[in-house]
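Engineer: One file is attached below, run.cif, containing mmCIF, N, CA and C atoms.
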```cif
data_run
loop_
_atom_site.label_atom_id
_atom_site.label_comp_id
_atom_site.auth_asym_id
_atom_site.auth_seq_id
_atom_site.Cartn_x
_atom_site.Cartn_y
_atom_site.Cartn_z
N MET A 1 -12.59 -23.81 9.48
CA MET A 1 -12.24 -22.57 10.14
C MET A 1 -13.48 -21.67 10.17
N VAL A 2 -13.66 -21.00 11.27
CA VAL A 2 -14.77 -20.08 11.46
C VAL A 2 -14.18 -18.69 11.68
N THR A 3 -14.69 -17.71 10.95
CA THR A 3 -14.18 -16.34 11.12
C THR A 3 -15.33 -15.36 11.26
N THR A 4 -15.04 -14.27 11.89
CA THR A 4 -15.99 -13.18 12.02
C THR A 4 -15.20 -11.90 12.26
N GLN A 5 -15.85 -10.78 12.13
CA GLN A 5 -15.20 -9.51 12.39
C GLN A 5 -15.62 -9.00 13.76
N LEU A 6 -14.63 -8.60 14.53
CA LEU A 6 -14.83 -8.07 15.87
C LEU A 6 -14.49 -6.59 15.81
N ILE A 7 -15.36 -5.74 16.32
CA ILE A 7 -15.13 -4.29 16.28
C ILE A 7 -15.22 -3.73 17.69
N LYS A 8 -14.20 -2.95 18.06
CA LYS A 8 -14.23 -2.27 19.35
C LYS A 8 -14.31 -0.77 19.06
N LYS A 9 -15.35 -0.14 19.56
CA LYS A 9 -15.57 1.29 19.34
C LYS A 9 -16.12 1.89 20.61
N ASP A 10 -15.51 2.96 21.06
CA ASP A 10 -15.93 3.64 22.28
C ASP A 10 -15.97 2.70 23.48
N GLY A 11 -15.03 1.78 23.52
CA GLY A 11 -14.91 0.85 24.64
C GLY A 11 -15.86 -0.34 24.59
N LYS A 12 -16.70 -0.42 23.56
CA LYS A 12 -17.65 -1.52 23.44
C LYS A 12 -17.26 -2.42 22.28
N VAL A 13 -17.40 -3.74 22.50
CA VAL A 13 -17.06 -4.73 21.50
C VAL A 13 -18.33 -5.28 20.87
N SER A 14 -18.34 -5.37 19.54
CA SER A 14 -19.47 -5.99 18.85
C SER A 14 -18.91 -6.95 17.80
N MET A 15 -19.73 -7.93 17.44
CA MET A 15 -19.34 -8.93 16.44
C MET A 15 -20.45 -9.07 15.43
N GLU A 16 -20.07 -9.45 14.21
CA GLU A 16 -21.05 -9.69 13.16
C GLU A 16 -21.98 -10.84 13.54
N GLN A 17 -21.41 -11.87 14.17
CA GLN A 17 -22.16 -13.04 14.59
C GLN A 17 -21.83 -13.31 16.05
N SER A 18 -22.73 -13.93 16.78
CA SER A 18 -22.46 -14.19 18.19
C SER A 18 -21.40 -15.28 18.33
N LEU A 19 -20.64 -15.20 19.40
CA LEU A 19 -19.62 -16.21 19.68
C LEU A 19 -20.27 -17.58 19.88
N GLU A 20 -21.42 -17.60 20.51
CA GLU A 20 -22.14 -18.86 20.73
C GLU A 20 -22.49 -19.52 19.39
N TYR A 21 -22.96 -18.73 18.43
CA TYR A 21 -23.30 -19.28 17.12
C TYR A 21 -22.05 -19.80 16.41
N LEU A 22 -20.97 -19.04 16.46
CA LEU A 22 -19.73 -19.47 15.82
C LEU A 22 -19.23 -20.78 16.40
N CYS A 23 -19.28 -20.89 17.72
CA CYS A 23 -18.83 -22.12 18.39
C CYS A 23 -19.72 -23.30 18.02
N SER A 24 -21.00 -23.06 17.77
CA SER A 24 -21.91 -24.15 17.40
C SER A 24 -21.55 -24.76 16.05
N LYS A 25 -20.81 -24.03 15.23
CA LYS A 25 -20.42 -24.52 13.90
C LYS A 25 -19.15 -25.38 13.95
N LEU A 26 -18.48 -25.41 15.08
CA LEU A 26 -17.25 -26.18 15.21
C LEU A 26 -17.54 -27.65 15.50
N THR A 27 -16.67 -28.52 15.01
CA THR A 27 -16.77 -29.93 15.37
C THR A 27 -16.05 -30.13 16.69
N ASN A 28 -16.26 -31.27 17.33
CA ASN A 28 -15.57 -31.55 18.59
C ASN A 28 -14.07 -31.50 18.38
N GLY A 29 -13.37 -30.96 19.37
CA GLY A 29 -11.91 -30.88 19.29
C GLY A 29 -11.39 -29.73 20.12
N THR A 30 -10.09 -29.52 20.03
CA THR A 30 -9.42 -28.43 20.74
C THR A 30 -9.05 -27.35 19.73
N TYR A 31 -9.28 -26.11 20.10
CA TYR A 31 -9.05 -24.99 19.18
C TYR A 31 -8.19 -23.93 19.83
N ASP A 32 -7.45 -23.20 19.01
CA ASP A 32 -6.74 -22.01 19.44
C ASP A 32 -7.53 -20.82 18.94
N LEU A 33 -7.73 -19.84 19.78
CA LEU A 33 -8.42 -18.61 19.40
C LEU A 33 -7.39 -17.50 19.33
N THR A 34 -7.29 -16.87 18.18
CA THR A 34 -6.35 -15.77 17.99
C THR A 34 -7.13 -14.56 17.51
N ILE A 35 -6.89 -13.43 18.13
CA ILE A 35 -7.51 -12.18 17.69
C ILE A 35 -6.37 -11.29 17.23
N SER A 36 -6.44 -10.87 15.98
CA SER A 36 -5.40 -9.98 15.45
C SER A 36 -6.06 -8.76 14.83
N ARG A 37 -5.38 -7.65 14.91
CA ARG A 37 -5.90 -6.41 14.36
C ARG A 37 -5.95 -6.51 12.84
N LYS A 38 -7.05 -6.11 12.25
CA LYS A 38 -7.22 -6.14 10.81
C LYS A 38 -6.30 -5.11 10.18
N LYS A 39 -5.62 -5.52 9.14
CA LYS A 39 -4.72 -4.61 8.42
C LYS A 39 -5.50 -3.96 7.29
N GLU A 40 -5.48 -2.65 7.29
CA GLU A 40 -6.21 -1.91 6.27
C GLU A 40 -5.38 -1.83 4.99
N PRO A 41 -6.00 -2.10 3.84
CA PRO A 41 -5.26 -2.00 2.58
C PRO A 41 -4.94 -0.55 2.24
N ARG A 42 -3.99 -0.37 1.33
CA ARG A 42 -3.64 0.99 0.90
C ARG A 42 -4.92 1.71 0.48
N THR A 43 -4.89 3.02 0.59
CA THR A 43 -6.08 3.80 0.25
C THR A 43 -6.04 4.20 -1.22
N VAL A 44 -7.19 4.57 -1.73
CA VAL A 44 -7.29 5.07 -3.10
C VAL A 44 -6.46 6.34 -3.23
N ALA A 45 -6.50 7.19 -2.21
CA ALA A 45 -5.72 8.43 -2.24
C ALA A 45 -4.22 8.14 -2.32
N GLN A 46 -3.75 7.16 -1.56
CA GLN A 46 -2.33 6.79 -1.63
C GLN A 46 -1.97 6.29 -3.02
N ASN A 47 -2.83 5.46 -3.59
CA ASN A 47 -2.56 4.92 -4.92
C ASN A 47 -2.56 6.03 -5.97
N SER A 48 -3.51 6.95 -5.87
CA SER A 48 -3.56 8.08 -6.80
C SER A 48 -2.31 8.94 -6.70
N LEU A 49 -1.89 9.21 -5.47
CA LEU A 49 -0.68 10.01 -5.26
C LEU A 49 0.52 9.31 -5.89
N MET A 50 0.65 8.01 -5.65
CA MET A 50 1.78 7.27 -6.21
C MET A 50 1.81 7.39 -7.73
N TRP A 51 0.67 7.23 -8.40
CA TRP A 51 0.65 7.28 -9.86
C TRP A 51 0.89 8.70 -10.38
N MET A 52 0.47 9.72 -9.64
CA MET A 52 0.83 11.09 -10.05
C MET A 52 2.33 11.28 -9.94
N TRP A 53 2.92 10.75 -8.86
CA TRP A 53 4.38 10.81 -8.71
C TRP A 53 5.07 10.07 -9.84
N MET A 54 4.54 8.90 -10.23
CA MET A 54 5.15 8.13 -11.32
C MET A 54 5.10 8.94 -12.62
N GLU A 55 3.99 9.63 -12.85
CA GLU A 55 3.86 10.46 -14.05
C GLU A 55 4.84 11.63 -14.00
N CYS A 56 4.98 12.26 -12.86
CA CYS A 56 5.92 13.37 -12.71
C CYS A 56 7.35 12.90 -13.01
N ILE A 57 7.75 11.80 -12.40
CA ILE A 57 9.11 11.28 -12.63
C ILE A 57 9.27 10.88 -14.10
N SER A 58 8.24 10.31 -14.69
CA SER A 58 8.27 9.94 -16.09
C SER A 58 8.50 11.17 -16.97
N GLN A 59 7.77 12.22 -16.71
CA GLN A 59 7.93 13.46 -17.49
C GLN A 59 9.32 14.05 -17.33
N GLU A 60 9.84 13.99 -16.11
CA GLU A 60 11.16 14.58 -15.83
C GLU A 60 12.32 13.75 -16.38
N THR A 61 12.14 12.42 -16.45
CA THR A 61 13.24 11.54 -16.87
C THR A 61 13.10 11.03 -18.30
N GLY A 62 11.89 11.11 -18.86
CA GLY A 62 11.66 10.58 -20.20
C GLY A 62 11.43 9.08 -20.23
N GLN A 63 11.33 8.45 -19.07
CA GLN A 63 11.07 7.01 -18.98
C GLN A 63 9.57 6.77 -18.81
N PRO A 64 9.04 5.68 -19.38
CA PRO A 64 7.61 5.39 -19.19
C PRO A 64 7.26 5.23 -17.71
N LYS A 65 6.06 5.69 -17.33
CA LYS A 65 5.71 5.64 -15.91
C LYS A 65 5.62 4.22 -15.38
N GLN A 66 5.23 3.24 -16.21
CA GLN A 66 5.21 1.85 -15.75
C GLN A 66 6.63 1.38 -15.42
N ASP A 67 7.61 1.83 -16.20
CA ASP A 67 9.01 1.49 -15.91
C ASP A 67 9.46 2.12 -14.59
N ILE A 68 9.02 3.34 -14.33
CA ILE A 68 9.35 4.01 -13.07
C ILE A 68 8.75 3.22 -11.91
N TYR A 69 7.49 2.83 -12.05
CA TYR A 69 6.82 2.04 -11.02
C TYR A 69 7.56 0.72 -10.79
N ASP A 70 7.86 0.01 -11.87
CA ASP A 70 8.57 -1.27 -11.76
C ASP A 70 9.93 -1.09 -11.09
N TYR A 71 10.62 -0.01 -11.42
CA TYR A 71 11.92 0.29 -10.82
C TYR A 71 11.79 0.43 -9.31
N TYR A 72 10.83 1.23 -8.85
CA TYR A 72 10.66 1.44 -7.41
C TYR A 72 10.16 0.18 -6.69
N CYS A 73 9.32 -0.60 -7.36
CA CYS A 73 8.89 -1.88 -6.75
C CYS A 73 10.08 -2.82 -6.61
N SER A 74 10.95 -2.85 -7.62
CA SER A 74 12.15 -3.70 -7.55
C SER A 74 13.12 -3.19 -6.50
N LEU A 75 13.21 -1.88 -6.38
CA LEU A 75 14.15 -1.28 -5.43
C LEU A 75 13.70 -1.45 -3.99
N PHE A 76 12.41 -1.25 -3.73
CA PHE A 76 11.94 -1.20 -2.35
C PHE A 76 11.02 -2.36 -1.92
N LEU A 77 10.45 -3.09 -2.88
CA LEU A 77 9.50 -4.14 -2.52
C LEU A 77 9.95 -5.54 -2.93
N ALA A 78 11.15 -5.66 -3.48
CA ALA A 78 11.63 -6.98 -3.91
C ALA A 78 11.82 -7.88 -2.69
N ARG A 79 11.63 -9.16 -2.91
CA ARG A 79 11.78 -10.13 -1.82
C ARG A 79 12.39 -11.41 -2.39
N PRO A 80 13.14 -12.12 -1.55
CA PRO A 80 13.74 -13.38 -2.03
C PRO A 80 12.69 -14.49 -2.05
N VAL A 81 12.74 -15.30 -3.10
CA VAL A 81 11.86 -16.46 -3.24
C VAL A 81 12.75 -17.66 -3.52
N LYS A 82 12.50 -18.74 -2.80
CA LYS A 82 13.28 -19.96 -2.97
C LYS A 82 12.35 -21.06 -3.46
N ILE A 83 12.65 -21.58 -4.66
CA ILE A 83 11.85 -22.64 -5.26
C ILE A 83 12.80 -23.68 -5.83
N GLY A 84 12.60 -24.92 -5.44
CA GLY A 84 13.42 -26.00 -5.96
C GLY A 84 14.90 -25.82 -5.72
N GLY A 85 15.26 -25.25 -4.58
CA GLY A 85 16.68 -25.07 -4.26
C GLY A 85 17.30 -23.83 -4.88
N ARG A 86 16.55 -23.13 -5.73
CA ARG A 86 17.06 -21.90 -6.33
C ARG A 86 16.41 -20.70 -5.65
N GLU A 87 17.22 -19.69 -5.40
CA GLU A 87 16.70 -18.47 -4.78
C GLU A 87 16.95 -17.29 -5.70
N LEU A 88 15.92 -16.46 -5.87
CA LEU A 88 16.09 -15.24 -6.63
C LEU A 88 15.21 -14.16 -6.04
N MET A 89 15.52 -12.93 -6.39
CA MET A 89 14.73 -11.79 -5.94
C MET A 89 13.61 -11.56 -6.94
N VAL A 90 12.39 -11.40 -6.44
CA VAL A 90 11.26 -11.08 -7.30
C VAL A 90 10.72 -9.71 -6.94
N LYS A 91 10.25 -9.02 -7.96
CA LYS A 91 9.71 -7.67 -7.77
C LYS A 91 8.39 -7.76 -7.04
N GLY A 92 8.20 -6.91 -6.06
CA GLY A 92 6.94 -6.84 -5.35
C GLY A 92 5.98 -5.91 -6.07
N SER A 93 4.83 -5.70 -5.48
CA SER A 93 3.80 -4.83 -6.02
C SER A 93 3.19 -4.03 -4.88
N SER A 94 2.74 -2.84 -5.19
CA SER A 94 2.11 -2.02 -4.15
C SER A 94 0.67 -2.43 -3.89
N SER A 95 0.09 -3.25 -4.75
CA SER A 95 -1.33 -3.58 -4.63
C SER A 95 -1.68 -4.34 -3.36
N SER A 96 -0.74 -5.06 -2.79
CA SER A 96 -1.04 -5.82 -1.58
C SER A 96 -0.56 -5.14 -0.30
N LEU A 97 -0.06 -3.93 -0.40
CA LEU A 97 0.45 -3.23 0.78
C LEU A 97 -0.69 -2.73 1.67
N THR A 98 -0.41 -2.69 2.96
CA THR A 98 -1.34 -2.07 3.91
C THR A 98 -1.16 -0.55 3.84
N THR A 99 -2.04 0.17 4.50
CA THR A 99 -1.93 1.62 4.54
C THR A 99 -0.57 2.05 5.08
N ALA A 100 -0.13 1.43 6.17
CA ALA A 100 1.17 1.78 6.77
C ALA A 100 2.33 1.42 5.85
N GLN A 101 2.27 0.25 5.23
CA GLN A 101 3.34 -0.15 4.31
C GLN A 101 3.39 0.77 3.09
N MET A 102 2.23 1.20 2.60
CA MET A 102 2.19 2.09 1.46
C MET A 102 2.78 3.45 1.82
N THR A 103 2.52 3.92 3.04
CA THR A 103 3.10 5.17 3.50
C THR A 103 4.62 5.07 3.48
N THR A 104 5.16 3.97 3.97
CA THR A 104 6.61 3.76 3.96
C THR A 104 7.14 3.73 2.53
N PHE A 105 6.45 3.02 1.65
CA PHE A 105 6.85 2.93 0.25
C PHE A 105 6.88 4.32 -0.38
N LEU A 106 5.83 5.11 -0.16
CA LEU A 106 5.78 6.47 -0.71
C LEU A 106 6.91 7.33 -0.15
N ASN A 107 7.19 7.21 1.13
CA ASN A 107 8.28 7.99 1.73
C ASN A 107 9.62 7.63 1.10
N LEU A 108 9.83 6.35 0.83
CA LEU A 108 11.08 5.90 0.20
C LEU A 108 11.19 6.44 -1.23
N ILE A 109 10.10 6.42 -1.97
CA ILE A 109 10.09 6.97 -3.34
C ILE A 109 10.40 8.46 -3.30
N GLN A 110 9.73 9.17 -2.41
CA GLN A 110 9.92 10.62 -2.31
C GLN A 110 11.37 10.96 -1.99
N ALA A 111 11.96 10.25 -1.05
CA ALA A 111 13.35 10.50 -0.67
C ALA A 111 14.30 10.16 -1.82
N ASP A 112 14.08 9.04 -2.49
CA ASP A 112 14.95 8.64 -3.59
C ASP A 112 14.85 9.63 -4.75
N ALA A 113 13.64 10.03 -5.09
CA ALA A 113 13.47 10.98 -6.20
C ALA A 113 14.19 12.29 -5.90
N ALA A 114 14.13 12.73 -4.66
CA ALA A 114 14.80 13.98 -4.28
C ALA A 114 16.32 13.82 -4.31
N SER A 115 16.83 12.75 -3.71
CA SER A 115 18.29 12.61 -3.59
C SER A 115 18.96 12.13 -4.87
N GLU A 116 18.33 11.22 -5.60
CA GLU A 116 18.96 10.63 -6.78
C GLU A 116 18.60 11.33 -8.09
N LEU A 117 17.40 11.91 -8.14
CA LEU A 117 16.94 12.51 -9.39
C LEU A 117 16.74 14.02 -9.31
N GLY A 118 16.80 14.56 -8.10
CA GLY A 118 16.58 16.01 -7.93
C GLY A 118 15.14 16.42 -8.17
N ILE A 119 14.21 15.49 -7.99
CA ILE A 119 12.78 15.76 -8.22
C ILE A 119 12.06 15.83 -6.88
N GLN A 120 11.40 16.95 -6.63
CA GLN A 120 10.64 17.13 -5.40
C GLN A 120 9.20 16.67 -5.63
N LEU A 121 8.79 15.66 -4.90
CA LEU A 121 7.43 15.13 -5.02
C LEU A 121 6.61 15.62 -3.83
N PRO A 122 5.54 16.39 -4.09
CA PRO A 122 4.78 16.97 -2.98
C PRO A 122 3.79 16.01 -2.34
N LEU A 123 3.49 16.30 -1.08
CA LEU A 123 2.44 15.62 -0.32
C LEU A 123 1.20 16.51 -0.31
N PRO A 124 0.03 15.93 -0.02
CA PRO A 124 -1.19 16.74 0.00
C PRO A 124 -1.14 17.97 0.90
N ALA A 125 -0.35 17.94 1.95
CA ALA A 125 -0.27 19.09 2.86
C ALA A 125 0.67 20.18 2.34
N ASP A 126 1.41 19.91 1.29
CA ASP A 126 2.38 20.88 0.78
C ASP A 126 1.70 22.04 0.06
N ARG A 127 2.39 23.16 0.04
CA ARG A 127 1.85 24.43 -0.47
C ARG A 127 1.37 24.35 -1.92
N PHE A 128 2.13 23.75 -2.79
CA PHE A 128 1.79 23.75 -4.21
C PHE A 128 1.18 22.43 -4.70
N TYR A 129 0.62 21.67 -3.78
CA TYR A 129 0.06 20.38 -4.13
C TYR A 129 -1.09 20.50 -5.13
N GLU A 130 -1.95 21.49 -4.98
CA GLU A 130 -3.08 21.66 -5.91
C GLU A 130 -2.60 21.88 -7.34
N GLN A 131 -1.54 22.67 -7.51
CA GLN A 131 -0.99 22.88 -8.85
C GLN A 131 -0.40 21.58 -9.40
N PHE A 132 0.23 20.80 -8.51
CA PHE A 132 0.79 19.52 -8.90
C PHE A 132 -0.31 18.60 -9.42
N ILE A 133 -1.43 18.56 -8.71
CA ILE A 133 -2.57 17.73 -9.13
C ILE A 133 -3.05 18.14 -10.51
N LYS A 134 -3.23 19.43 -10.73
CA LYS A 134 -3.71 19.92 -12.02
C LYS A 134 -2.76 19.52 -13.16
N GLU A 135 -1.48 19.49 -12.86
CA GLU A 135 -0.51 19.17 -13.89
C GLU A 135 -0.40 17.67 -14.19
N TYR A 136 -0.51 16.82 -13.17
CA TYR A 136 -0.20 15.40 -13.35
C TYR A 136 -1.36 14.42 -13.18
N ARG A 137 -2.50 14.84 -12.70
CA ARG A 137 -3.57 13.89 -12.40
C ARG A 137 -4.05 13.10 -13.61
N ASN A 138 -4.32 13.74 -14.71
CA ASN A 138 -4.96 13.05 -15.83
C ASN A 138 -4.01 12.75 -16.99
N ARG A 139 -2.75 12.62 -16.72
CA ARG A 139 -1.81 12.31 -17.80
C ARG A 139 -1.63 10.83 -17.93
#
```
Can you turn what I pasted into structure tokens?
Structural biologist:
Amino acid sequence: MVTTQLIKKDGKVSMEQSLEYLCSKLTNGTYDLTISRKKEPRTVAQNSLMWMWMECISQETGQPKQDIYDYYCSLFLARPVKIGGRELMVKGSSSSLTTAQMTTFLNLIQADAASELGIQLPLPADRFYEQFIKEYRNR
């Protein structure tokens, strides 16, 4: 398999390596060419926000923040796995989420915390977000 990164910016396409060079590395045969948009991984800011939220919920509920994280991963990221004829649900992780998937995960946590626990979790654009950071960032 031959791969390269293709970038389109301001209407112009550029590649890390030329298409001619990439094709020269192929053996004789028939190939399918697929171009798919690169999925961006979750951001550091998203991850930091999530862990501040986990700390806030931990402080409010008295449960360890890792347990809060595991709870939300089980609630919103669990997926069925079938091995040897047996199927069970396994807990997912936020580490492999894309930026868009992480946004959805955070929105689900925020809504659940508000409706089920009565805890308001702020976003960076919210009025008291700076105070929230000072309180929960380094705990």
Engineer: May I ask for the distance between atom C of Tyr129 of chain A and atom N of Glu40 of chain A, given in Å to one decimal place?
Structural biologist: 26.6 Å
Engineer: My list of candidates is A:Leu121, A:Leu26, A:Pro64, A:Asp126. Which is closest to Ile109 of chain A when distances are computed with all atoms listed in the file?
Structural biologist: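 The answer is A:Leu121, which sits nearest to Ile109 of chain A.
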Engineer: Apply DSSP to the structure's backbone, then extract all residues of chain A labelled helix (DSSP H, G or I) and return them as a count of residues only.
Structural biologist: 66
Engineer: Extract, using all atoms listed in the file, all DNA, RNA and protein residues at most 7 Å from Ile68 of chain A, discarding same-chain residues fewer than 6 positions from it, and format them as number ranges by chain.
Structural biologist: A: 54, 57-58
Engineer: Atoms to include: N, CA and C atoms. Write the selected residues as a compact mmCIF listing (two decimals), in the frame of the given file.
Structural biologist:
```
# COMPACT_ATOMS: atom_id res chain seq x y z
N MET A 54 4.54 8.90 -10.23
CA MET A 54 5.15 8.13 -11.32
C MET A 54 5.10 8.94 -12.62
N ILE A 57 7.75 11.80 -12.40
CA ILE A 57 9.11 11.28 -12.63
C ILE A 57 9.27 10.88 -14.10
N SER A 58 8.24 10.31 -14.69
CA SER A 58 8.27 9.94 -16.09
C SER A 58 8.50 11.17 -16.97
```
Engineer: If you measure from atom CA of Lys82 of chain A to atom N of Leu108 of chain A, what distance in Å do you get, rounded to one decimal?
Structural biologist: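 Distance reported for this atom pair: 26.8 Å.
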Engineer: Segment 95-102 of chain A: which residues within 5 Å, counting all atoms listed in the file, same-chain residues fewer than 2 positions away excluded, as a PyMOL selection string?
Structural biologist: chain A and resi 40-42+93+104-106
Engineer: Which residues, named as in the file, does the PyMOL selection byres ((chain A and resi 2-4) around 6) pick out? Answer as a PyMOL selection string.
Structural biologist: chain A and resi 1+5-6+16-17
Engineer: Between atom CA of Trp51 of chain A and atom C of Val90 of chain A, measure the distance and give it in Å to one decimal.
Structural biologist: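 Going from atom CA of Trp51 of chain A over to atom C of Val90 of chain A covers 20.0 Å.
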Engineer: Let me make sure I understand: among A:Val13, A:Leu33, A:Cys56, A:Ile83, which one has the smallest atom-to-atom distance to Glu135 of chain A if we use all atoms listed in the file?
Structural biologist: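 Ranking A:Val13, A:Leu33, A:Cys56, A:Ile83 by distance to Glu135 of chain A, first place goes to A:Cys56.
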Engineer: Please write as a VMD selection string the full residue list that the PyMOL selection byres (((chain A and resi 37 and name CA) around 12) and name CA) yields on this file.
Structural biologist: chain A and resid 5 to 8 34 to 36 38 to 40
Engineer: Using N, CA and C atoms, can you export the residues from the last selection as a PDB file, keeping the file's coordinate frame?
Structural biologist:
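The result, stored in part20.pdb:
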```
ATOM      1  N   GLN A   5     -15.850 -10.780  12.130  1.00  0.00           N
ATOM      2  CA  GLN A   5     -15.200  -9.510  12.390  1.00  0.00           C
ATOM      3  C   GLN A   5     -15.620  -9.000  13.760  1.00  0.00           C
ATOM      4  N   LEU A   6     -14.630  -8.600  14.530  1.00  0.00           N
ATOM      5  CA  LEU A   6     -14.830  -8.070  15.870  1.00  0.00           C
ATOM      6  C   LEU A   6     -14.490  -6.590  15.810  1.00  0.00           C
ATOM      7  N   ILE A   7     -15.360  -5.740  16.320  1.00  0.00           N
ATOM      8  CA  ILE A   7     -15.130  -4.290  16.280  1.00  0.00           C
ATOM      9  C   ILE A   7     -15.220  -3.730  17.690  1.00  0.00           C
ATOM     10  N   LYS A   8     -14.200  -2.950  18.060  1.00  0.00           N
ATOM     11  CA  LYS A   8     -14.230  -2.270  19.350  1.00  0.00           C
ATOM     12  C   LYS A   8     -14.310  -0.770  19.060  1.00  0.00           C
ATOM     13  N   THR A  34      -7.290 -16.870  18.180  1.00  0.00           N
ATOM     14  CA  THR A  34      -6.350 -15.770  17.990  1.00  0.00           C
ATOM     15  C   THR A  34      -7.130 -14.560  17.510  1.00  0.00           C
ATOM     16  N   ILE A  35      -6.890 -13.430  18.130  1.00  0.00           N
ATOM     17  CA  ILE A  35      -7.510 -12.180  17.690  1.00  0.00           C
ATOM     18  C   ILE A  35      -6.370 -11.290  17.230  1.00  0.00           C
ATOM     19  N   SER A  36      -6.440 -10.870  15.980  1.00  0.00           N
ATOM     20  CA  SER A  36      -5.400  -9.980  15.450  1.00  0.00           C
ATOM     21  C   SER A  36      -6.060  -8.760  14.830  1.00  0.00           C
ATOM     22  N   LYS A  38      -7.050  -6.110  12.250  1.00  0.00           N
ATOM     23  CA  LYS A  38      -7.220  -6.140  10.810  1.00  0.00           C
ATOM     24  C   LYS A  38      -6.300  -5.110  10.180  1.00  0.00           C
ATOM     25  N   LYS A  39      -5.620  -5.520   9.140  1.00  0.00           N
ATOM     26  CA  LYS A  39      -4.720  -4.610   8.420  1.00  0.00           C
ATOM     27  C   LYS A  39      -5.500  -3.960   7.290  1.00  0.00           C
ATOM     28  N   GLU A  40      -5.480  -2.650   7.290  1.00  0.00           N
ATOM     29  CA  GLU A  40      -6.210  -1.910   6.270  1.00  0.00           C
ATOM     30  C   GLU A  40      -5.380  -1.830   4.990  1.00  0.00           C
TER      31      GLU A  40
END
```
Engineer: Enumerate the residues of segment 15-93 of chain A with a DSSP assignment of strand (DSSP E or B), computed from the backbone, and present them as a PDB file with N, CA and C atoms, in the coordinates of the input.
Structural biologist:
```pdb
ATOM      1  N   MET A  15     -19.730  -7.930  17.440  1.00  0.00           N
ATOM      2  CA  MET A  15     -19.340  -8.930  16.440  1.00  0.00           C
ATOM      3  C   MET A  15     -20.450  -9.070  15.430  1.00  0.00           C
ATOM      4  N   PRO A  41      -6.000  -2.100   3.840  1.00  0.00           N
ATOM      5  CA  PRO A  41      -5.260  -2.000   2.580  1.00  0.00           C
ATOM      6  C   PRO A  41      -4.940  -0.550   2.240  1.00  0.00           C
ATOM      7  N   ARG A  79      11.630  -9.160  -2.910  1.00  0.00           N
ATOM      8  CA  ARG A  79      11.780 -10.130  -1.820  1.00  0.00           C
ATOM      9  C   ARG A  79      12.390 -11.410  -2.390  1.00  0.00           C
ATOM     10  N   PRO A  80      13.140 -12.120  -1.550  1.00  0.00           N
ATOM     11  CA  PRO A  80      13.740 -13.380  -2.030  1.00  0.00           C
ATOM     12  C   PRO A  80      12.690 -14.490  -2.050  1.00  0.00           C
ATOM     13  N   VAL A  81      12.740 -15.300  -3.100  1.00  0.00           N
ATOM     14  CA  VAL A  81      11.860 -16.460  -3.240  1.00  0.00           C
ATOM     15  C   VAL A  81      12.750 -17.660  -3.520  1.00  0.00           C
ATOM     16  N   LYS A  82      12.500 -18.740  -2.800  1.00  0.00           N
ATOM     17  CA  LYS A  82      13.280 -19.960  -2.970  1.00  0.00           C
ATOM     18  C   LYS A  82      12.350 -21.060  -3.460  1.00  0.00           C
ATOM     19  N   ILE A  83      12.650 -21.580  -4.660  1.00  0.00           N
ATOM     20  CA  ILE A  83      11.850 -22.640  -5.260  1.00  0.00           C
ATOM     21  C   ILE A  83      12.800 -23.680  -5.830  1.00  0.00           C
ATOM     22  N   ARG A  86      16.550 -23.130  -5.730  1.00  0.00           N
ATOM     23  CA  ARG A  86      17.060 -21.900  -6.330  1.00  0.00           C
ATOM     24  C   ARG A  86      16.410 -20.700  -5.650  1.00  0.00           C
ATOM     25  N   GLU A  87      17.220 -19.690  -5.400  1.00  0.00           N
ATOM     26  CA  GLU A  87      16.700 -18.470  -4.780  1.00  0.00           C
ATOM     27  C   GLU A  87      16.950 -17.290  -5.700  1.00  0.00           C
ATOM     28  N   LEU A  88      15.920 -16.460  -5.870  1.00  0.00           N
ATOM     29  CA  LEU A  88      16.090 -15.240  -6.630  1.00  0.00           C
ATOM     30  C   LEU A  88      15.210 -14.160  -6.040  1.00  0.00           C
ATOM     31  N   MET A  89      15.520 -12.930  -6.390  1.00  0.00           N
ATOM     32  CA  MET A  89      14.730 -11.790  -5.940  1.00  0.00           C
ATOM     33  C   MET A  89      13.610 -11.560  -6.940  1.00  0.00           C
ATOM     34  N   VAL A  90      12.390 -11.400  -6.440  1.00  0.00           N
ATOM     35  CA  VAL A  90      11.260 -11.080  -7.300  1.00  0.00           C
ATOM     36  C   VAL A  90      10.720  -9.710  -6.940  1.00  0.00           C
TER      37      VAL A  90
END
```
Engineer: Set the distance at 8 Å and use all atoms listed in the file: which residues neighbour Ala78 of chain A once local chain neighbours fewer than 4 positions away are removed? I'd like the list as a ChimeraX atom specification.
Structural biologist: /A:72-74,88-93
Engineer: Near Gln110 of chain A, within 10 Å and counting only C-alpha atoms, which residues show up once chain neighbours fewer than 5 positions away are dropped, as a PyMOL selection string?
Structural biologist: chain A and resi 50+53+104-105+115+119-123
